[in-house]
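A quick write-up on the structure given underneath.
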Amino acid sequence: MSFRSLIVSVLLVPFCISASLAKGKSDRKMAERLKLDIYYLASDSLEGRRTGSNGERLAGEYIEKRYRDLNVDPYKSVYQHPFTFIYGMEIAEGTQIKISDHVLNIKDEAFPLPFSATKHISADILPDVMEQGSIWMINLYADQDEANNAHFEAEKSMFERSKEALKNGATGVIFYDGFGSKWPPAFNGLSENEFIDIPVVFLSHDAYKKYIPDDADTTKPKSSVSVDLNVVIKKTRRGGTNIVAFIDNKAPYTVILGAHYDHLGRGEDGNSMAANSLGQIHNGADDNASGTAALLELAAYVKKNHKKLHNYNYMFINFSGEELGLLGSKNFVKNENIDSQHTSYMLNMDMVGRLNDSTHSLTIGGVGTSPAWAQFTSNPPKEFKFVLDSSGIGPSDHTSFYHEGIPVLFLFTGTHKDYHKPSDKADKINYAGEVEVIKYTEQIIKEMDNSPKPAFTPTKQSALGRVNFKVTLGIMPDYSFQDGGVRVDGVSENRPAKNAGIKEGDIIIQLGDVKVQGMQSYMEGLSKFRAGDKTNVTIMRNGTKMVLPLEFLK
């Protein structure tokens with residue numbers, strides 16, 4: 001569908017605004033604009049706005065056009081600020097695995113591991129004989145049961161055993177499938193394992209049977225095998241584009257207002273929360289077409305009131321690469337030398353489209369990064385119930401600015417069942433609620449323009465921050481829940497929580513020996529466990545305490 005016909009189709013979609021929130025004509029008009037923006041950005045034609053994709057390009061062009069229509073100038077004469085980043089590894093040209101003069105097909109018969117050294121080595125070896133100064137050939141699996149275990153972590157096993165082999169004098173390692181696994185490993189270009197200083201390859205079961213001699217007769221000496229390994233592993237690069245607009249008031253300090261516009265595409269990067277969703281479009285209406293549309297409204301507000309809002313310059317940044325680890329904001333901060341000497345504060349809007357009509361819960365992060373924020377959080381407007389998080393570190397782009405000593409605020413209406421799933425669609429946005437979030441944000445901008453540059457105060461790690469664990473429960477926490485424990489907002493299939501019998505609405509109050517008071521203690525509890533560990537989880541369900549046996553997946 002063309003851009004023009006898509007806009008026409010959006011206008012034809014029935015549109016209803018809650019009377020309790022949409023109080024006037026200007027609110028209704030804002031809600032209509034939000035709907036136009038979000039329906040386009042979250043449309044199937046943009047295929048989930050994956051960083052570096054054509055959908056991201058189309059979204060960026062749309063955002064740029066909106067800034068042009070608002071007469072908001074580009075930053076440094078251009079709206080588009082591209083960046084590149086290392087995304088993973090690939091098997092590069094020149095890689096060759098040869099056994100007894102047979103050149104093996106890379107992928108179907110054999111392939112190097114992503115942590116392998118880029119090296120060339122050849123030798124005559126005896127399979128399963130691990131001599132110092134030689135290439136080792138090792139059966140990946142201990143037995144048929146292990147070979148057919150869908151939860152066996154093949155790459156992890158090969159990585160750990162390769163490190164041990166290197167320590168014991170191996171010059172290379174060939175892992176092979178001696179049992180015909182139902183779940184053979186494949187090359188993982190997104191592996192997070194560090195490189196090992198020897199070549200490491202994997203040999204399929206068919207190739208092993210075809211090229212390695214069967215020395216079943218133990219009365220005869222083992223047959224040696226001629227092996228030649230030439231491994232070339234290359235880091236792959238991807239690109240994304242930040243869209244940046246700027247209102248230059250010739251002021252000494254700049255206010256940065258931001259929102260990311262990338263999302264998960266078709267789940268190619270493995271960060272979908274939905275089972276079996278690879279290939280499905282993840283529309284990302286709330287995450288983060290909602291914040292993108294809100295940022296455009298803030299740009300319109302500042303431009304319209306530029307005679308009153310003139311004590312600071314205003315920069316509007318639509319980030320890409322957020323879903324891959326805040327890559328766009330990190331790159332922008334570094335390349336543009338963004339620092340606390342020239343920046344007043346940074347306000348970030350990420351997932352502001354699902355204000356709950358019952359709880360009216362609005363999470364505000366970063367409130368501890370400056371004393372200036374107290375005036376906006378001490379007396380909530382009647383439209384909201386505030387959930388305050390003091391930390392400047394959280395799961396979105398404001399974190400990149402906090403690390404530069406810049407006061408930050410992070411607005412967020414909470415997670416939901418559709419988070420990181422194909423079901424995060426535009427028809428589920430609370431447009432009237434988002435209008436209220438934007439109006440509240442406008443008041444912050446207005447008051448801060450008449451205030452001196454806010455002081456910065458460092459904070460502790462946030463409960464909302466990205467923390468890596470060796471295990472997960474497989475739940476979606478309700479970050480807005482503040483009554484003790486962690487309320488479960490969603491449960492993933494075939495994960496420990498589901499297997500233990502945990503249900504949506506349960507409140508986790510203890511994990512093993514750790515009492516769970518909130519997200520921070522919940523994460524501390526998780527950090528004490530490893531794959532395969534067994535423990536108990538204590539929950540409250542409809543006022544009744546229950547203790548459930550729990551096992552973390554291997």
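In the structure tokens, the first chain shown is A, the next is B, and so on; residue numbers restart at 1 for each chain, and ligands run from 1 in the order shown.
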
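Excluding Phe202 in chain A and any residue on its chain fewer than 4 positions from it, the residues at most 9 Å away by only C-alpha atoms are A:Glu109, A:Ala110, A:Phe111, A:Pro112, A:Leu113, A:Leu140, A:Val173, A:Ile174, A:Phe175, A:Tyr176, A:Asp177, A:Pro185, A:Ala186.
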
Please, which residues of range 132-304 of chain A, numbered as in this document, come out strand (DSSP E) from DSSP, as number ranges by chain? A: 135-139, 172-176, 200-203, 225-230, 233-247, 254-260

Write out, as a compact mmCIF listing (two decimals), in the first residue's frame, the residues just selected, with N, CA and C atoms.
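Contents of again33.txt, as written:
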```txt
# COMPACT_ATOMS: atom_id res chain seq x y z
N ILE A 135 45.88 -31.38 16.87
CA ILE A 135 44.47 -31.05 16.75
C ILE A 135 43.67 -32.15 17.45
N TRP A 136 42.74 -31.74 18.31
CA TRP A 136 41.93 -32.72 19.02
C TRP A 136 40.61 -32.93 18.29
N MET A 137 40.17 -34.20 18.22
CA MET A 137 38.85 -34.51 17.67
C MET A 137 38.01 -35.09 18.81
N ILE A 138 36.87 -34.43 19.13
CA ILE A 138 36.10 -34.76 20.32
C ILE A 138 34.63 -34.97 19.95
N ASN A 139 34.05 -36.06 20.46
CA ASN A 139 32.62 -36.27 20.29
C ASN A 139 31.89 -35.25 21.16
N GLY A 172 44.13 -27.07 17.88
CA GLY A 172 42.85 -26.90 17.21
C GLY A 172 41.89 -27.96 17.74
N VAL A 173 40.58 -27.75 17.51
CA VAL A 173 39.59 -28.72 17.99
C VAL A 173 38.57 -28.97 16.89
N ILE A 174 38.28 -30.27 16.65
CA ILE A 174 37.18 -30.66 15.78
C ILE A 174 36.15 -31.40 16.64
N PHE A 175 35.00 -30.78 16.85
CA PHE A 175 33.90 -31.48 17.51
C PHE A 175 33.09 -32.21 16.45
N TYR A 176 32.62 -33.39 16.79
CA TYR A 176 31.81 -34.13 15.83
C TYR A 176 30.58 -34.71 16.52
N VAL A 200 38.45 -23.80 15.79
CA VAL A 200 37.50 -24.77 16.33
C VAL A 200 36.41 -24.96 15.30
N VAL A 201 36.14 -26.23 14.92
CA VAL A 201 35.11 -26.49 13.92
C VAL A 201 34.20 -27.60 14.41
N PHE A 202 33.04 -27.70 13.76
CA PHE A 202 32.08 -28.77 14.06
C PHE A 202 31.87 -29.61 12.82
N LEU A 203 31.81 -30.93 13.00
CA LEU A 203 31.64 -31.90 11.93
C LEU A 203 30.29 -32.60 12.12
N VAL A 225 44.08 -39.55 10.41
CA VAL A 225 43.29 -38.76 9.46
C VAL A 225 44.06 -37.49 9.14
N SER A 226 44.13 -37.17 7.85
CA SER A 226 44.76 -35.92 7.43
C SER A 226 43.73 -34.79 7.51
N VAL A 227 44.06 -33.75 8.25
CA VAL A 227 43.13 -32.64 8.49
C VAL A 227 43.78 -31.33 8.08
N ASP A 228 43.04 -30.50 7.37
CA ASP A 228 43.52 -29.17 7.00
C ASP A 228 42.39 -28.17 7.31
N LEU A 229 42.62 -27.27 8.24
CA LEU A 229 41.62 -26.29 8.65
C LEU A 229 42.09 -24.89 8.31
N ASN A 230 41.35 -24.21 7.49
CA ASN A 230 41.62 -22.78 7.25
C ASN A 230 40.35 -22.01 7.60
N ILE A 233 36.96 -16.03 10.25
CA ILE A 233 35.76 -15.48 10.88
C ILE A 233 35.84 -13.95 10.81
N LYS A 234 34.79 -13.35 10.29
CA LYS A 234 34.79 -11.90 10.12
C LYS A 234 33.62 -11.30 10.90
N LYS A 235 33.90 -10.18 11.55
CA LYS A 235 32.84 -9.46 12.24
C LYS A 235 31.93 -8.78 11.22
N THR A 236 30.64 -8.90 11.44
CA THR A 236 29.69 -8.27 10.52
C THR A 236 29.25 -6.92 11.07
N ARG A 237 28.93 -6.03 10.16
CA ARG A 237 28.52 -4.69 10.56
C ARG A 237 27.11 -4.42 10.02
N ARG A 238 26.36 -3.65 10.78
CA ARG A 238 25.05 -3.17 10.35
C ARG A 238 25.00 -1.67 10.56
N GLY A 239 23.99 -1.08 9.99
CA GLY A 239 23.84 0.36 10.12
C GLY A 239 22.44 0.74 10.55
N GLY A 240 22.32 1.88 11.16
CA GLY A 240 21.04 2.46 11.52
C GLY A 240 21.11 3.96 11.31
N THR A 241 20.01 4.63 11.49
CA THR A 241 19.96 6.07 11.26
C THR A 241 19.15 6.76 12.35
N ASN A 242 19.79 7.68 13.07
CA ASN A 242 19.08 8.57 13.98
C ASN A 242 18.52 9.74 13.18
N ILE A 243 17.32 10.18 13.52
CA ILE A 243 16.72 11.36 12.90
C ILE A 243 16.74 12.48 13.93
N VAL A 244 17.36 13.61 13.58
CA VAL A 244 17.59 14.66 14.58
C VAL A 244 17.15 16.02 14.03
N ALA A 245 16.32 16.70 14.81
CA ALA A 245 15.87 18.07 14.47
C ALA A 245 16.31 19.00 15.60
N PHE A 246 16.35 20.31 15.29
CA PHE A 246 16.97 21.24 16.24
C PHE A 246 16.34 22.63 16.14
N ILE A 247 16.03 23.19 17.29
CA ILE A 247 15.60 24.58 17.36
C ILE A 247 16.69 25.36 18.08
N THR A 254 21.41 23.20 25.88
CA THR A 254 20.42 22.54 25.03
C THR A 254 19.63 21.51 25.82
N VAL A 255 18.33 21.48 25.61
CA VAL A 255 17.46 20.45 26.14
C VAL A 255 17.31 19.37 25.06
N ILE A 256 17.48 18.11 25.43
CA ILE A 256 17.36 17.01 24.49
C ILE A 256 16.09 16.22 24.80
N LEU A 257 15.22 16.12 23.83
CA LEU A 257 13.99 15.34 23.94
C LEU A 257 14.10 14.16 22.98
N GLY A 258 13.87 12.94 23.46
CA GLY A 258 14.15 11.79 22.62
C GLY A 258 13.13 10.67 22.71
N ALA A 259 13.15 9.82 21.70
CA ALA A 259 12.33 8.60 21.64
C ALA A 259 12.92 7.71 20.55
N HIS A 260 12.96 6.42 20.78
CA HIS A 260 13.46 5.54 19.71
C HIS A 260 12.31 5.15 18.78
```

Taking only C-alpha atoms into account, name the residue in A:Ile86, A:Val547, A:Leu296, A:Ile444 that is nearest to Gln375 in chain A.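 Of all the options, A:Ile444 lies closest to Gln375 in chain A.
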
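Nearest to Arg33 in chain A of all the residues A:Ala294, A:Val488, A:Met540, A:Ile338 is A:Ala294, based on only C-alpha atoms.
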
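Neighbours of range 147-157 of chain A closer than or equal to 9 Å, with only C-alpha atoms counted and sequence neighbours fewer than 6 positions away skipped, come out as Leu113, Leu140, Tyr141, Asp177, Gly178, Phe179, Gly180, Ser181, Lys182, Trp183, Pro184, Pro185, Ala186, Asn188, Ser191, Asn193, Leu553 and Lys554 of chain A.
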
Would you save the residues of that selection, restricted to all heavy atoms, as a short mmCIF file (atom, residue, chain, number, x, y, z; two decimals), in the first residue's frame?
```
data_model
loop_
_atom_site.label_atom_id
_atom_site.label_comp_id
_atom_site.auth_asym_id
_atom_site.auth_seq_id
_atom_site.Cartn_x
_atom_site.Cartn_y
_atom_site.Cartn_z
N LEU A 113 33.21 -22.66 14.47
CA LEU A 113 32.41 -22.05 15.53
C LEU A 113 32.67 -20.55 15.56
O LEU A 113 33.76 -20.09 15.20
CB LEU A 113 32.77 -22.68 16.88
CG LEU A 113 32.09 -24.02 17.23
CD1 LEU A 113 30.59 -23.83 17.34
CD2 LEU A 113 32.41 -25.11 16.24
N LEU A 140 31.00 -34.49 20.55
CA LEU A 140 30.29 -33.44 21.28
C LEU A 140 29.39 -34.03 22.37
O LEU A 140 29.24 -33.44 23.45
CB LEU A 140 29.44 -32.61 20.31
CG LEU A 140 28.49 -31.57 20.90
CD1 LEU A 140 29.24 -30.56 21.75
CD2 LEU A 140 27.71 -30.87 19.79
N TYR A 141 28.80 -35.18 22.11
CA TYR A 141 27.81 -35.75 23.03
C TYR A 141 28.37 -36.94 23.79
O TYR A 141 29.13 -37.74 23.26
CB TYR A 141 26.56 -36.18 22.26
CG TYR A 141 25.97 -35.07 21.41
CD1 TYR A 141 26.12 -35.09 20.02
CD2 TYR A 141 25.29 -34.01 21.99
CE1 TYR A 141 25.57 -34.08 19.24
CE2 TYR A 141 24.75 -32.99 21.22
CZ TYR A 141 24.90 -33.04 19.84
OH TYR A 141 24.37 -32.04 19.07
N ASP A 177 29.55 -34.95 15.71
CA ASP A 177 28.32 -35.56 16.20
C ASP A 177 28.40 -37.05 15.92
O ASP A 177 28.16 -37.51 14.80
CB ASP A 177 27.11 -34.93 15.49
CG ASP A 177 25.79 -35.59 15.88
OD1 ASP A 177 25.80 -36.50 16.72
OD2 ASP A 177 24.75 -35.18 15.33
N GLY A 178 28.74 -37.81 16.95
CA GLY A 178 28.89 -39.25 16.77
C GLY A 178 27.62 -40.04 16.96
O GLY A 178 27.63 -41.26 16.77
N PHE A 179 26.52 -39.36 17.31
CA PHE A 179 25.29 -40.08 17.62
C PHE A 179 24.10 -39.72 16.72
O PHE A 179 23.05 -40.34 16.82
CB PHE A 179 24.89 -39.84 19.08
CG PHE A 179 25.84 -40.45 20.07
CD1 PHE A 179 26.82 -39.68 20.66
CD2 PHE A 179 25.76 -41.79 20.40
CE1 PHE A 179 27.70 -40.24 21.58
CE2 PHE A 179 26.63 -42.36 21.31
CZ PHE A 179 27.61 -41.58 21.90
N GLY A 180 24.25 -38.73 15.87
CA GLY A 180 23.14 -38.32 15.02
C GLY A 180 22.08 -37.56 15.79
O GLY A 180 20.94 -38.02 15.92
N SER A 181 22.44 -36.42 16.31
CA SER A 181 21.54 -35.63 17.16
C SER A 181 20.30 -35.18 16.40
O SER A 181 20.35 -34.86 15.20
CB SER A 181 22.27 -34.40 17.69
OG SER A 181 21.38 -33.51 18.34
N LYS A 182 19.16 -35.13 17.10
CA LYS A 182 17.94 -34.55 16.53
C LYS A 182 18.02 -33.03 16.50
O LYS A 182 17.26 -32.38 15.80
CB LYS A 182 16.73 -34.97 17.36
CG LYS A 182 16.37 -36.44 17.28
CD LYS A 182 15.13 -36.72 18.13
CE LYS A 182 14.74 -38.19 18.06
NZ LYS A 182 13.54 -38.46 18.90
N TRP A 183 18.96 -32.47 17.29
CA TRP A 183 19.06 -31.01 17.42
C TRP A 183 20.52 -30.59 17.19
O TRP A 183 21.17 -30.08 18.09
CB TRP A 183 18.61 -30.56 18.80
CG TRP A 183 17.30 -31.14 19.22
CD1 TRP A 183 17.11 -32.25 20.00
CD2 TRP A 183 16.00 -30.66 18.89
NE1 TRP A 183 15.78 -32.49 20.17
CE2 TRP A 183 15.07 -31.53 19.51
CE3 TRP A 183 15.53 -29.58 18.15
CZ2 TRP A 183 13.70 -31.35 19.39
CZ3 TRP A 183 14.16 -29.40 18.03
CH2 TRP A 183 13.26 -30.28 18.64
N PRO A 184 21.06 -30.82 15.99
CA PRO A 184 22.47 -30.48 15.75
C PRO A 184 22.69 -28.97 15.83
O PRO A 184 21.79 -28.19 15.51
CB PRO A 184 22.72 -31.00 14.34
CG PRO A 184 21.37 -30.99 13.69
CD PRO A 184 20.41 -31.32 14.78
N PRO A 185 23.86 -28.55 16.28
CA PRO A 185 24.14 -27.10 16.36
C PRO A 185 24.27 -26.48 14.97
O PRO A 185 24.48 -27.17 13.98
CB PRO A 185 25.47 -27.05 17.11
CG PRO A 185 26.11 -28.37 16.85
CD PRO A 185 24.99 -29.36 16.74
N ALA A 186 24.12 -25.16 14.93
CA ALA A 186 24.32 -24.40 13.70
C ALA A 186 25.19 -23.20 14.03
O ALA A 186 25.39 -22.85 15.21
CB ALA A 186 22.96 -23.94 13.14
N ASN A 188 26.18 -19.76 14.94
CA ASN A 188 25.46 -18.69 15.65
C ASN A 188 26.22 -17.38 15.48
O ASN A 188 27.14 -17.08 16.23
CB ASN A 188 25.31 -19.05 17.13
CG ASN A 188 24.68 -17.94 17.93
OD1 ASN A 188 24.03 -17.06 17.38
ND2 ASN A 188 24.87 -17.97 19.25
N SER A 191 26.65 -15.02 18.57
CA SER A 191 27.27 -15.55 19.77
C SER A 191 27.98 -14.46 20.57
O SER A 191 28.63 -13.58 20.01
CB SER A 191 28.29 -16.64 19.39
OG SER A 191 29.03 -17.06 20.53
N ASN A 193 30.18 -15.34 22.95
CA ASN A 193 31.42 -15.92 23.47
C ASN A 193 32.63 -15.22 22.88
O ASN A 193 32.63 -14.83 21.70
CB ASN A 193 31.48 -17.41 23.13
CG ASN A 193 30.49 -18.23 23.94
OD1 ASN A 193 30.38 -18.05 25.14
ND2 ASN A 193 29.76 -19.12 23.28
N LEU A 553 15.71 -23.98 33.62
CA LEU A 553 16.05 -24.80 32.45
C LEU A 553 17.54 -24.91 32.26
O LEU A 553 18.29 -23.95 32.49
CB LEU A 553 15.41 -24.20 31.19
CG LEU A 553 13.89 -24.13 31.16
CD1 LEU A 553 13.43 -23.56 29.84
CD2 LEU A 553 13.28 -25.50 31.38
N LYS A 554 17.98 -26.08 31.80
CA LYS A 554 19.40 -26.27 31.47
C LYS A 554 19.67 -25.72 30.09
O LYS A 554 18.79 -25.69 29.25
CB LYS A 554 19.74 -27.76 31.52
CG LYS A 554 19.69 -28.35 32.93
CD LYS A 554 20.08 -29.80 32.92
CE LYS A 554 20.05 -30.41 34.31
NZ LYS A 554 20.44 -31.82 34.32
#
```

Could you please determine the separation between CA of Pro407 in chain A and CA of Leu326 in chain A in Å, to one decimal place?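 If I compute the distance from CA of Pro407 in chain A to CA of Leu326 in chain A, I get 17.6 Å.
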
Closest of A:Gln96, A:Asn311, A:Asn283, A:Ser116 to Asp44 in chain A - atom-to-atom distances counting only C-alpha atoms: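 The shortest atom-to-atom distance to Asp44 in chain A comes from A:Asn283.
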
As a PyMOL selection string, which residues of range 60-258 of chain A does DSSP assign to helix (DSSP H, G or I)? chain A and resi 60-69+144-147+154-167+205-211

Find the residues around Pro74 in chain A up to 12 Å (only C-alpha atoms counted), leave out those fewer than 3 positions away in its own chain, and share them as JSON, numbers by chain. {"A": [63, 64, 65, 66, 67, 68, 69, 70, 71, 77, 78, 79, 80, 81, 242, 243, 244, 245, 246, 247, 248, 299, 314, 315, 316, 317]}

Can you tell me how far CA of Thr369 in chain A sits from CA of Ser391 in chain A, in Å to one decimal?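 Going from CA of Thr369 in chain A over to CA of Ser391 in chain A, I get 6.9 Å.
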